[in-house]
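Take a look at the structure below.
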Amino acid sequence: MTDTPSPVTPSPVTPSPVTPQPDRSPAADTVPPRRAGRLGRIVPDSRPLRIPAFRRMFVSQIATVVGSQLTAVAVQQQIFDVTGSSALVGLASLVALVPLVVFGLLGGAVADSFDRRKLMMITSAGIAVTSLALWLTALSGTRQIWIVMALLAVQQGFFAVNQPTRSAILPRIVPAELVPSANALNITVFSTGVIVGPLLVGVLIPLTGLPWLFFIDALTLTGVLYAVIRLPPIPPAGAGSGRGRAKVSDGLIYLKARPLLLMTFVIDIIAMVCGMPRALFPAMAEHTFGGPPGGGVALGVLNAGLAVGSLLGGLTGGWITRVHRQGIAILLAVVMWGFSMALFGTTSVLWLAVIYLAIGGFSDLVSSVYRSTLLQVAATDEMRGRLQGVFTVVVAGGPRLADLVHGVVADATSTTFAVIGGGLLCVVLTVVAGYFGRSLRDYDSRHPTNDEPGRVIERSA
């Protein structure tokens, strides 16, 4: 899936003589040495954790990812407990999606206009306040579900600004060489939270009651506020410092004119829309794998399969930084994703299905790491927030569009046809996109150039 890595000497890497920008952490221009020996090629590359700013952000994220999962599950459970309606639970997902799409784009422009440290503080505080409001609402025993949905929408609006801001900060506090490793660590934490969060819900609800899940989420956000407060000021290098407020339209024009960056979104949409059969898990758990109606072990195992694979990929991802042909790595990872989903559709054996899903989760981690890295490193700083906003919209909307497509196809044919056909279509479209998308296929992180002829990407940005 990746090029053979060139030999690496475990001695410290001498950085190029680069003068840090005033709004950039000096640590972001210093690359710590790698761990020596074979173990260093397997275990996660922990060098980003030696940078104090990233370490504080990472540690705070561990708690907040689990906390956010508590709130996500608790909102659904609260709505179902009050109404008994699965349709209203589904409506809550739509209510959460709309502000993610709208404010994802606007949030990226805001992140390119104002000090990103202050923006992180404001949005993190906003998320915490809405979690506290959800806690008070649940404590009061209200049956006014519209209040819960309104608070959920407001919270997702804050998150839609927070996420692109956080991603735009990363290349300013971590050396460009270590951005893939930092992304791998972050995605590994997220995968862990997806597994641990729902499990904790089952343990905590009988002990504390559902309302206190919201309070725990709000409490974990204090760690993020501490980590952000310790950052230096991070004003955007361009649009936010003397050239007026950033425009969403400028970001879209910038993206359209750069095939390399545009291809990362095309590949992600292909992978998600064609190859994400999540909406079919309930039907397959019952009819394919013999689970009980209404859910059971089979449904829980299927939902955990992708996250387990992603987690295993992160825990064995010491090789990720060594791959230089990152565009080829993205294409191969998505092809592997498509094949694994197609194989998943061929089996009625649960343990084998979980293996195929785990392979898919591993492939998804690899693709996600390199796509995130390209967007963060291959974009100029004044556009980075807006591109991360588009990324947030695609990541949020792609799986939901996949739910619709797979559901419609499965109803018209069968779940087996929908899963196998979607996986194989993902493979075919990825090969076609790789053939025509030369900018992605030829990308080499050792000699990065942007899509404008003759201009080298700003490695220090």
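As shown in the structure tokens, the chain order sets the letters A, B, ...; within each chain, residues go from 1, and ligands are also counted from 1 in the order they appear.
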
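Excluding region 233-236 of chain A itself and any same-chain residue fewer than 5 positions from it, the protein and nucleic acid residues within 8 Å of it, counting only C-alpha atoms, are Asp23, Arg24, Ala111, Asp112, Ser113, Phe114, Asp115, Arg116, Arg117, Lys118, Ile169, Arg172, Ser241, Asp381 and Glu382 of chain A.
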
Produce a table with one row for each residue of region 345-447 of chain A that has an atom at most 6 Å from any atom of region 259-276 of chain A, each row naming the nearest atom pair and its distance in Å at one decimal; use only C-alpha atoms; arrange rows by chain and rising residue number; format as CSV.
residue,atom,partner,partner_atom,distance
A:Arg371,CA,A:Thr264,CA,5.8
A:Gly398,CA,A:Met272,CA,5.6
A:Pro399,CA,A:Met272,CA,5.7
A:Ala402,CA,A:Val273,CA,4.2
A:Gly422,CA,A:Cys274,CA,4.6
A:Gly423,CA,A:Gly275,CA,4.8
A:Cys426,CA,A:Cys274,CA,5.3
A:Ser439,CA,A:Leu260,CA,5.0
A:Leu440,CA,A:Leu260,CA,5.2

Output file for the selection above: C-alpha atoms, as a short mmCIF file (atom, residue, chain, number, x, y, z; two decimals), in the first residue's frame:
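What landed in out_17.cif:
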data_model
loop_
_atom_site.label_atom_id
_atom_site.label_comp_id
_atom_site.auth_asym_id
_atom_site.auth_seq_id
_atom_site.Cartn_x
_atom_site.Cartn_y
_atom_site.Cartn_z
CA ARG A 371 -5.82 13.55 3.36
CA GLY A 398 -20.67 12.09 3.28
CA PRO A 399 -21.68 9.28 5.67
CA ALA A 402 -24.17 7.16 2.14
CA GLY A 422 -20.99 -0.20 -3.37
CA GLY A 423 -17.60 -1.60 -2.41
CA CYS A 426 -15.71 2.47 -4.81
CA SER A 439 -1.60 15.82 -9.11
CA LEU A 440 -2.63 13.43 -6.32
#

DSSP on the backbone: which residues in region 173-384 of chain A end up as alpha helix (DSSP H)? Give the answer as a PyMOL selection string. chain A and resi 173+179-208+211-229+248-256+259-275+281-287+297-315+326-344+350-377+381-384

Measuring atom to atom with only C-alpha atoms, identify which of A:Gly305, A:Gly437, A:Gly209, A:Pro52 is nearest to Phe362 (chain A). A:Gly305

Pick from A:Ser60, A:Ser310, A:Asn303, A:Thr415, whichever lies nearest to Ile359 (chain A) using only C-alpha atoms: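 Distance minimum relative to Ile359 (chain A) lands on A:Ser310.
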
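Using only C-alpha atoms for every distance, the candidate list A:Pro206, A:Gly338, A:Pro175, A:Gly327 yields A:Pro175 as the residue closest to Arg50 (chain A).
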
Long-range neighbours of Val224 (chain A) as a short mmCIF file (atom, residue, chain, number, x, y, z; two decimals) with all heavy atoms, in the first residue's frame, 7 Å cut-off, only C-alpha atoms, 4 positions minimum in chain:
data_model
loop_
_atom_site.label_atom_id
_atom_site.label_comp_id
_atom_site.auth_asym_id
_atom_site.auth_seq_id
_atom_site.Cartn_x
_atom_site.Cartn_y
_atom_site.Cartn_z
N MET A 57 -2.81 19.84 24.02
CA MET A 57 -4.02 19.69 23.21
C MET A 57 -4.42 18.23 23.11
O MET A 57 -5.61 17.88 23.18
CB MET A 57 -3.79 20.26 21.81
CG MET A 57 -3.53 21.76 21.78
SD MET A 57 -5.02 22.74 22.09
CE MET A 57 -5.92 22.48 20.57
N SER A 60 -5.87 16.84 26.49
CA SER A 60 -7.23 17.35 26.72
C SER A 60 -8.23 16.69 25.78
O SER A 60 -9.38 16.45 26.13
CB SER A 60 -7.26 18.87 26.53
OG SER A 60 -7.02 19.23 25.18
N GLN A 61 -7.77 16.34 24.56
CA GLN A 61 -8.67 15.74 23.59
C GLN A 61 -9.10 14.33 24.02
O GLN A 61 -10.21 13.90 23.70
CB GLN A 61 -7.99 15.67 22.22
CG GLN A 61 -8.92 15.18 21.11
CD GLN A 61 -8.21 15.07 19.77
OE1 GLN A 61 -7.00 15.20 19.69
NE2 GLN A 61 -8.96 14.81 18.73
N VAL A 228 -5.77 25.44 25.49
CA VAL A 228 -5.83 26.55 24.53
C VAL A 228 -5.29 27.83 25.14
O VAL A 228 -4.59 28.61 24.49
CB VAL A 228 -7.27 26.75 24.03
CG1 VAL A 228 -7.37 27.99 23.16
CG2 VAL A 228 -7.73 25.53 23.25
#

CA of Arg322 (chain A) and CA of Ser363 (chain A) are how many Å apart? 16.7 Å

Using only C-alpha atoms, which residues sit within 8 Å of region 122-132 of chain A once same-chain residues fewer than 4 positions away are excluded, as number ranges by chain? A: 71, 118, 136, 151-152, 154-156, 158-159, 161-162, 214-215, 217-219, 221, 224-225

Written selection (N, CA and C atoms) as a PDB file, in the first residue's frame:
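Output saved as selection_22.pdb:
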ATOM      1  N   THR A  71     -22.397  12.630  25.270  1.00  0.00           N
ATOM      2  CA  THR A  71     -23.495  13.530  24.910  1.00  0.00           C
ATOM      3  C   THR A  71     -24.246  13.038  23.681  1.00  0.00           C
ATOM      4  N   LYS A 118      -8.085  32.537  20.384  1.00  0.00           N
ATOM      5  CA  LYS A 118      -9.278  33.120  21.000  1.00  0.00           C
ATOM      6  C   LYS A 118     -10.539  32.426  20.502  1.00  0.00           C
ATOM      7  N   LEU A 136     -29.067  20.519  32.647  1.00  0.00           N
ATOM      8  CA  LEU A 136     -30.165  21.103  33.420  1.00  0.00           C
ATOM      9  C   LEU A 136     -31.517  20.713  32.839  1.00  0.00           C
ATOM     10  N   LEU A 151     -30.884  23.074  21.592  1.00  0.00           N
ATOM     11  CA  LEU A 151     -29.570  23.101  22.252  1.00  0.00           C
ATOM     12  C   LEU A 151     -28.560  22.265  21.469  1.00  0.00           C
ATOM     13  N   LEU A 152     -29.011  21.123  20.935  1.00  0.00           N
ATOM     14  CA  LEU A 152     -28.124  20.286  20.126  1.00  0.00           C
ATOM     15  C   LEU A 152     -27.658  21.041  18.886  1.00  0.00           C
ATOM     16  N   VAL A 154     -27.415  24.322  18.490  1.00  0.00           N
ATOM     17  CA  VAL A 154     -26.483  25.378  18.896  1.00  0.00           C
ATOM     18  C   VAL A 154     -25.110  24.775  19.186  1.00  0.00           C
ATOM     19  N   GLN A 155     -25.094  23.654  19.880  1.00  0.00           N
ATOM     20  CA  GLN A 155     -23.820  23.015  20.208  1.00  0.00           C
ATOM     21  C   GLN A 155     -23.064  22.598  18.952  1.00  0.00           C
ATOM     22  N   GLN A 156     -23.781  22.029  17.978  1.00  0.00           N
ATOM     23  CA  GLN A 156     -23.129  21.627  16.738  1.00  0.00           C
ATOM     24  C   GLN A 156     -22.640  22.836  15.939  1.00  0.00           C
ATOM     25  N   PHE A 158     -21.373  25.569  17.365  1.00  0.00           N
ATOM     26  CA  PHE A 158     -20.077  25.862  17.999  1.00  0.00           C
ATOM     27  C   PHE A 158     -19.021  24.865  17.534  1.00  0.00           C
ATOM     28  N   PHE A 159     -19.385  23.582  17.477  1.00  0.00           N
ATOM     29  CA  PHE A 159     -18.433  22.552  17.061  1.00  0.00           C
ATOM     30  C   PHE A 159     -17.971  22.771  15.626  1.00  0.00           C
ATOM     31  N   VAL A 161     -17.469  25.480  14.091  1.00  0.00           N
ATOM     32  CA  VAL A 161     -16.432  26.515  14.051  1.00  0.00           C
ATOM     33  C   VAL A 161     -15.173  26.024  14.761  1.00  0.00           C
ATOM     34  N   ASN A 162     -15.362  25.267  15.839  1.00  0.00           N
ATOM     35  CA  ASN A 162     -14.242  24.782  16.643  1.00  0.00           C
ATOM     36  C   ASN A 162     -13.349  23.829  15.849  1.00  0.00           C
ATOM     37  N   PHE A 214     -24.248  14.536  30.447  1.00  0.00           N
ATOM     38  CA  PHE A 214     -24.030  15.878  29.892  1.00  0.00           C
ATOM     39  C   PHE A 214     -23.057  16.675  30.768  1.00  0.00           C
ATOM     40  N   PHE A 215     -23.215  16.534  32.083  1.00  0.00           N
ATOM     41  CA  PHE A 215     -22.345  17.271  33.001  1.00  0.00           C
ATOM     42  C   PHE A 215     -20.889  16.805  32.859  1.00  0.00           C
ATOM     43  N   ASP A 217     -19.489  15.612  30.192  1.00  0.00           N
ATOM     44  CA  ASP A 217     -18.990  16.184  28.942  1.00  0.00           C
ATOM     45  C   ASP A 217     -18.547  17.631  29.146  1.00  0.00           C
ATOM     46  N   ALA A 218     -19.366  18.415  29.828  1.00  0.00           N
ATOM     47  CA  ALA A 218     -19.013  19.816  30.091  1.00  0.00           C
ATOM     48  C   ALA A 218     -17.742  19.905  30.926  1.00  0.00           C
ATOM     49  N   LEU A 219     -17.590  18.991  31.887  1.00  0.00           N
ATOM     50  CA  LEU A 219     -16.418  19.011  32.763  1.00  0.00           C
ATOM     51  C   LEU A 219     -15.142  18.725  31.988  1.00  0.00           C
ATOM     52  N   LEU A 221     -14.420  19.511  29.053  1.00  0.00           N
ATOM     53  CA  LEU A 221     -14.032  20.637  28.202  1.00  0.00           C
ATOM     54  C   LEU A 221     -13.156  21.654  28.921  1.00  0.00           C
ATOM     55  N   VAL A 224      -9.663  21.300  27.625  1.00  0.00           N
ATOM     56  CA  VAL A 224      -9.396  21.982  26.354  1.00  0.00           C
ATOM     57  C   VAL A 224      -9.135  23.460  26.591  1.00  0.00           C
ATOM     58  N   LEU A 225      -9.944  24.078  27.432  1.00  0.00           N
ATOM     59  CA  LEU A 225      -9.751  25.505  27.715  1.00  0.00           C
ATOM     60  C   LEU A 225      -8.366  25.763  28.307  1.00  0.00           C
TER      61      LEU A 225
END

Within 9 Å of Gly421 (chain A) using only C-alpha atoms, minus same-chain residues under 3 positions, as a list in words: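 Result of the neighbour search: Cys274, Gly275, Ala342, Gly345, Thr416, Phe417, Ala418, Leu424, Leu425 and Cys426 of chain A.
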
Please dump the current selection as a CSV table (one decimal), in the first residue's frame; keep N, CA, C and O atoms.
chain,number,residue,atom,x,y,z
A,274,CYS,N,-20.0,5.6,-1.7
A,274,CYS,CA,-20.1,4.2,-2.3
A,274,CYS,C,-19.8,3.1,-1.3
A,274,CYS,O,-20.4,2.0,-1.4
A,275,GLY,N,-18.9,3.3,-0.4
A,275,GLY,CA,-18.4,2.2,0.4
A,275,GLY,C,-18.8,2.2,1.9
A,275,GLY,O,-18.2,1.4,2.7
A,342,ALA,N,-16.7,-4.8,0.1
A,342,ALA,CA,-17.3,-5.8,-0.8
A,342,ALA,C,-17.2,-7.2,-0.2
A,342,ALA,O,-18.2,-7.9,-0.2
A,345,GLY,N,-19.7,-7.8,2.5
A,345,GLY,CA,-21.1,-8.1,1.9
A,345,GLY,C,-21.2,-9.5,1.5
A,345,GLY,O,-22.4,-10.0,1.3
A,416,THR,N,-27.2,-7.4,0.5
A,416,THR,CA,-26.0,-8.0,-0.1
A,416,THR,C,-25.5,-7.3,-1.4
A,416,THR,O,-24.3,-6.9,-1.6
A,417,PHE,N,-26.5,-7.0,-2.3
A,417,PHE,CA,-26.2,-6.3,-3.5
A,417,PHE,C,-25.7,-4.9,-3.2
A,417,PHE,O,-24.7,-4.4,-3.8
A,418,ALA,N,-26.3,-4.2,-2.3
A,418,ALA,CA,-25.9,-2.8,-2.0
A,418,ALA,C,-24.5,-2.7,-1.4
A,418,ALA,O,-23.7,-1.8,-1.8
A,424,LEU,N,-17.4,-2.5,-4.7
A,424,LEU,CA,-16.7,-2.6,-6.0
A,424,LEU,C,-16.8,-1.3,-6.8
A,424,LEU,O,-15.8,-0.9,-7.4
A,425,LEU,N,-17.9,-0.6,-6.7
A,425,LEU,CA,-18.0,0.7,-7.3
A,425,LEU,C,-16.9,1.7,-6.8
A,425,LEU,O,-16.3,2.5,-7.5
A,426,CYS,N,-16.7,1.6,-5.5
A,426,CYS,CA,-15.7,2.5,-4.8
A,426,CYS,C,-14.3,2.2,-5.4
A,426,CYS,O,-13.6,3.1,-5.7

Contacts of region 299-301 of chain A within 12 Å, only C-alpha atoms, excl. fewer than 6 positions in-chain, as a VMD selection string: chain A and resid 194 to 195 198 to 199 278 to 293 307 to 308 350 to 355 357 to 358

Would you mind exporting the chosen residues as a CSV table (one decimal), in the first residue's frame, restricted to N, CA, C and O atoms?
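Below is the file that was written, out_15.csv:
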chain,number,residue,atom,x,y,z
A,194,VAL,N,-14.9,6.5,20.2
A,194,VAL,CA,-16.0,5.9,19.6
A,194,VAL,C,-16.4,4.5,20.2
A,194,VAL,O,-17.5,4.1,20.3
A,195,ILE,N,-15.3,3.8,20.6
A,195,ILE,CA,-15.5,2.5,21.3
A,195,ILE,C,-15.8,2.7,22.7
A,195,ILE,O,-16.8,2.1,23.2
A,198,PRO,N,-19.6,4.9,24.0
A,198,PRO,CA,-20.9,4.1,24.2
A,198,PRO,C,-20.9,3.1,25.3
A,198,PRO,O,-21.9,2.8,25.9
A,199,LEU,N,-19.7,2.4,25.4
A,199,LEU,CA,-19.6,1.4,26.5
A,199,LEU,C,-19.8,2.1,27.9
A,199,LEU,O,-20.4,1.5,28.8
A,278,ARG,N,-23.0,1.7,6.7
A,278,ARG,CA,-23.5,1.8,8.1
A,278,ARG,C,-25.0,1.7,8.3
A,278,ARG,O,-25.5,1.1,9.2
A,279,ALA,N,-25.7,2.3,7.3
A,279,ALA,CA,-27.2,2.3,7.5
A,279,ALA,C,-27.8,0.9,7.4
A,279,ALA,O,-28.9,0.7,7.8
A,280,LEU,N,-27.0,0.0,6.8
A,280,LEU,CA,-27.5,-1.4,6.7
A,280,LEU,C,-27.2,-2.3,7.8
A,280,LEU,O,-27.6,-3.5,7.8
A,281,PHE,N,-26.4,-1.8,8.8
A,281,PHE,CA,-26.0,-2.7,9.9
A,281,PHE,C,-27.2,-3.2,10.7
A,281,PHE,O,-27.2,-4.4,11.0
A,282,PRO,N,-28.2,-2.4,11.0
A,282,PRO,CA,-29.4,-3.0,11.7
A,282,PRO,C,-30.0,-4.2,11.0
A,282,PRO,O,-30.3,-5.2,11.6
A,283,ALA,N,-30.3,-4.0,9.7
A,283,ALA,CA,-30.9,-5.1,8.9
A,283,ALA,C,-30.0,-6.3,8.8
A,283,ALA,O,-30.5,-7.4,8.9
A,284,MET,N,-28.7,-6.1,8.6
A,284,MET,CA,-27.8,-7.2,8.4
A,284,MET,C,-27.6,-7.9,9.7
A,284,MET,O,-27.4,-9.1,9.8
A,285,ALA,N,-27.5,-7.2,10.9
A,285,ALA,CA,-27.4,-7.8,12.2
A,285,ALA,C,-28.5,-8.8,12.4
A,285,ALA,O,-28.2,-9.9,12.9
A,286,GLU,N,-29.7,-8.4,12.0
A,286,GLU,CA,-30.8,-9.3,12.3
A,286,GLU,C,-31.0,-10.4,11.2
A,286,GLU,O,-31.1,-11.6,11.5
A,287,HIS,N,-30.9,-10.0,9.9
A,287,HIS,CA,-31.3,-11.0,8.9
A,287,HIS,C,-30.0,-11.8,8.3
A,287,HIS,O,-30.2,-12.9,7.9
A,288,THR,N,-28.9,-11.2,8.4
A,288,THR,CA,-27.7,-11.8,7.8
A,288,THR,C,-26.9,-12.6,8.9
A,288,THR,O,-26.4,-13.7,8.7
A,289,PHE,N,-26.8,-12.0,10.1
A,289,PHE,CA,-26.0,-12.6,11.2
A,289,PHE,C,-26.8,-13.1,12.3
A,289,PHE,O,-26.3,-13.5,13.4
A,290,GLY,N,-28.2,-13.2,12.2
A,290,GLY,CA,-29.0,-13.8,13.2
A,290,GLY,C,-29.2,-13.2,14.5
A,290,GLY,O,-29.5,-13.8,15.5
A,291,GLY,N,-29.0,-11.9,14.6
A,291,GLY,CA,-29.2,-11.2,15.8
A,291,GLY,C,-30.7,-11.0,16.1
A,291,GLY,O,-31.6,-11.1,15.2
A,292,PRO,N,-31.1,-10.6,17.3
A,292,PRO,CA,-32.5,-10.4,17.7
A,292,PRO,C,-33.0,-9.1,17.1
A,292,PRO,O,-32.3,-8.2,16.8
A,293,PRO,N,-34.3,-9.0,16.9
A,293,PRO,CA,-34.9,-7.8,16.5
A,293,PRO,C,-34.7,-6.7,17.5
A,293,PRO,O,-34.6,-6.9,18.7
A,307,ALA,N,-14.2,1.0,14.0
A,307,ALA,CA,-13.4,1.8,15.0
A,307,ALA,C,-12.3,0.9,15.5
A,307,ALA,O,-11.2,1.5,15.8
A,308,VAL,N,-12.5,-0.4,15.7
A,308,VAL,CA,-11.4,-1.2,16.1
A,308,VAL,C,-10.3,-1.3,15.1
A,308,VAL,O,-9.1,-1.2,15.5
A,350,LEU,N,-20.2,-13.8,11.5
A,350,LEU,CA,-20.0,-12.6,12.2
A,350,LEU,C,-18.6,-12.2,12.4
A,350,LEU,O,-18.1,-11.1,12.2
A,351,TRP,N,-17.8,-13.2,12.9
A,351,TRP,CA,-16.4,-12.9,13.2
A,351,TRP,C,-15.6,-12.5,11.9
A,351,TRP,O,-14.7,-11.7,12.0
A,352,LEU,N,-15.9,-13.1,10.8
A,352,LEU,CA,-15.3,-12.8,9.5
A,352,LEU,C,-15.7,-11.4,9.1
A,352,LEU,O,-14.9,-10.6,8.6
A,353,ALA,N,-17.0,-11.1,9.3
A,353,ALA,CA,-17.5,-9.8,8.9
A,353,ALA,C,-16.7,-8.7,9.7
A,353,ALA,O,-16.4,-7.6,9.2
A,354,VAL,N,-16.5,-9.0,11.0
A,354,VAL,CA,-15.8,-8.0,11.8
A,354,VAL,C,-14.3,-7.8,11.3
A,354,VAL,O,-13.8,-6.7,11.3
A,355,ILE,N,-13.7,-8.9,10.9
A,355,ILE,CA,-12.3,-8.8,10.3
A,355,ILE,C,-12.3,-7.9,9.1
A,355,ILE,O,-11.5,-7.0,8.9
A,357,LEU,N,-14.5,-5.6,8.3
A,357,LEU,CA,-14.7,-4.2,8.8
A,357,LEU,C,-13.5,-3.6,9.4
A,357,LEU,O,-13.2,-2.4,9.2
A,358,ALA,N,-12.8,-4.4,10.2
A,358,ALA,CA,-11.5,-3.9,10.8
A,358,ALA,C,-10.5,-3.5,9.7
A,358,ALA,O,-9.8,-2.5,9.9

Two-atom distance - CA of Gly397 (chain A), CA of Tyr356 (chain A) (Å):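 CA of Tyr356 (chain A) lies 24.0 Å from CA of Gly397 (chain A).
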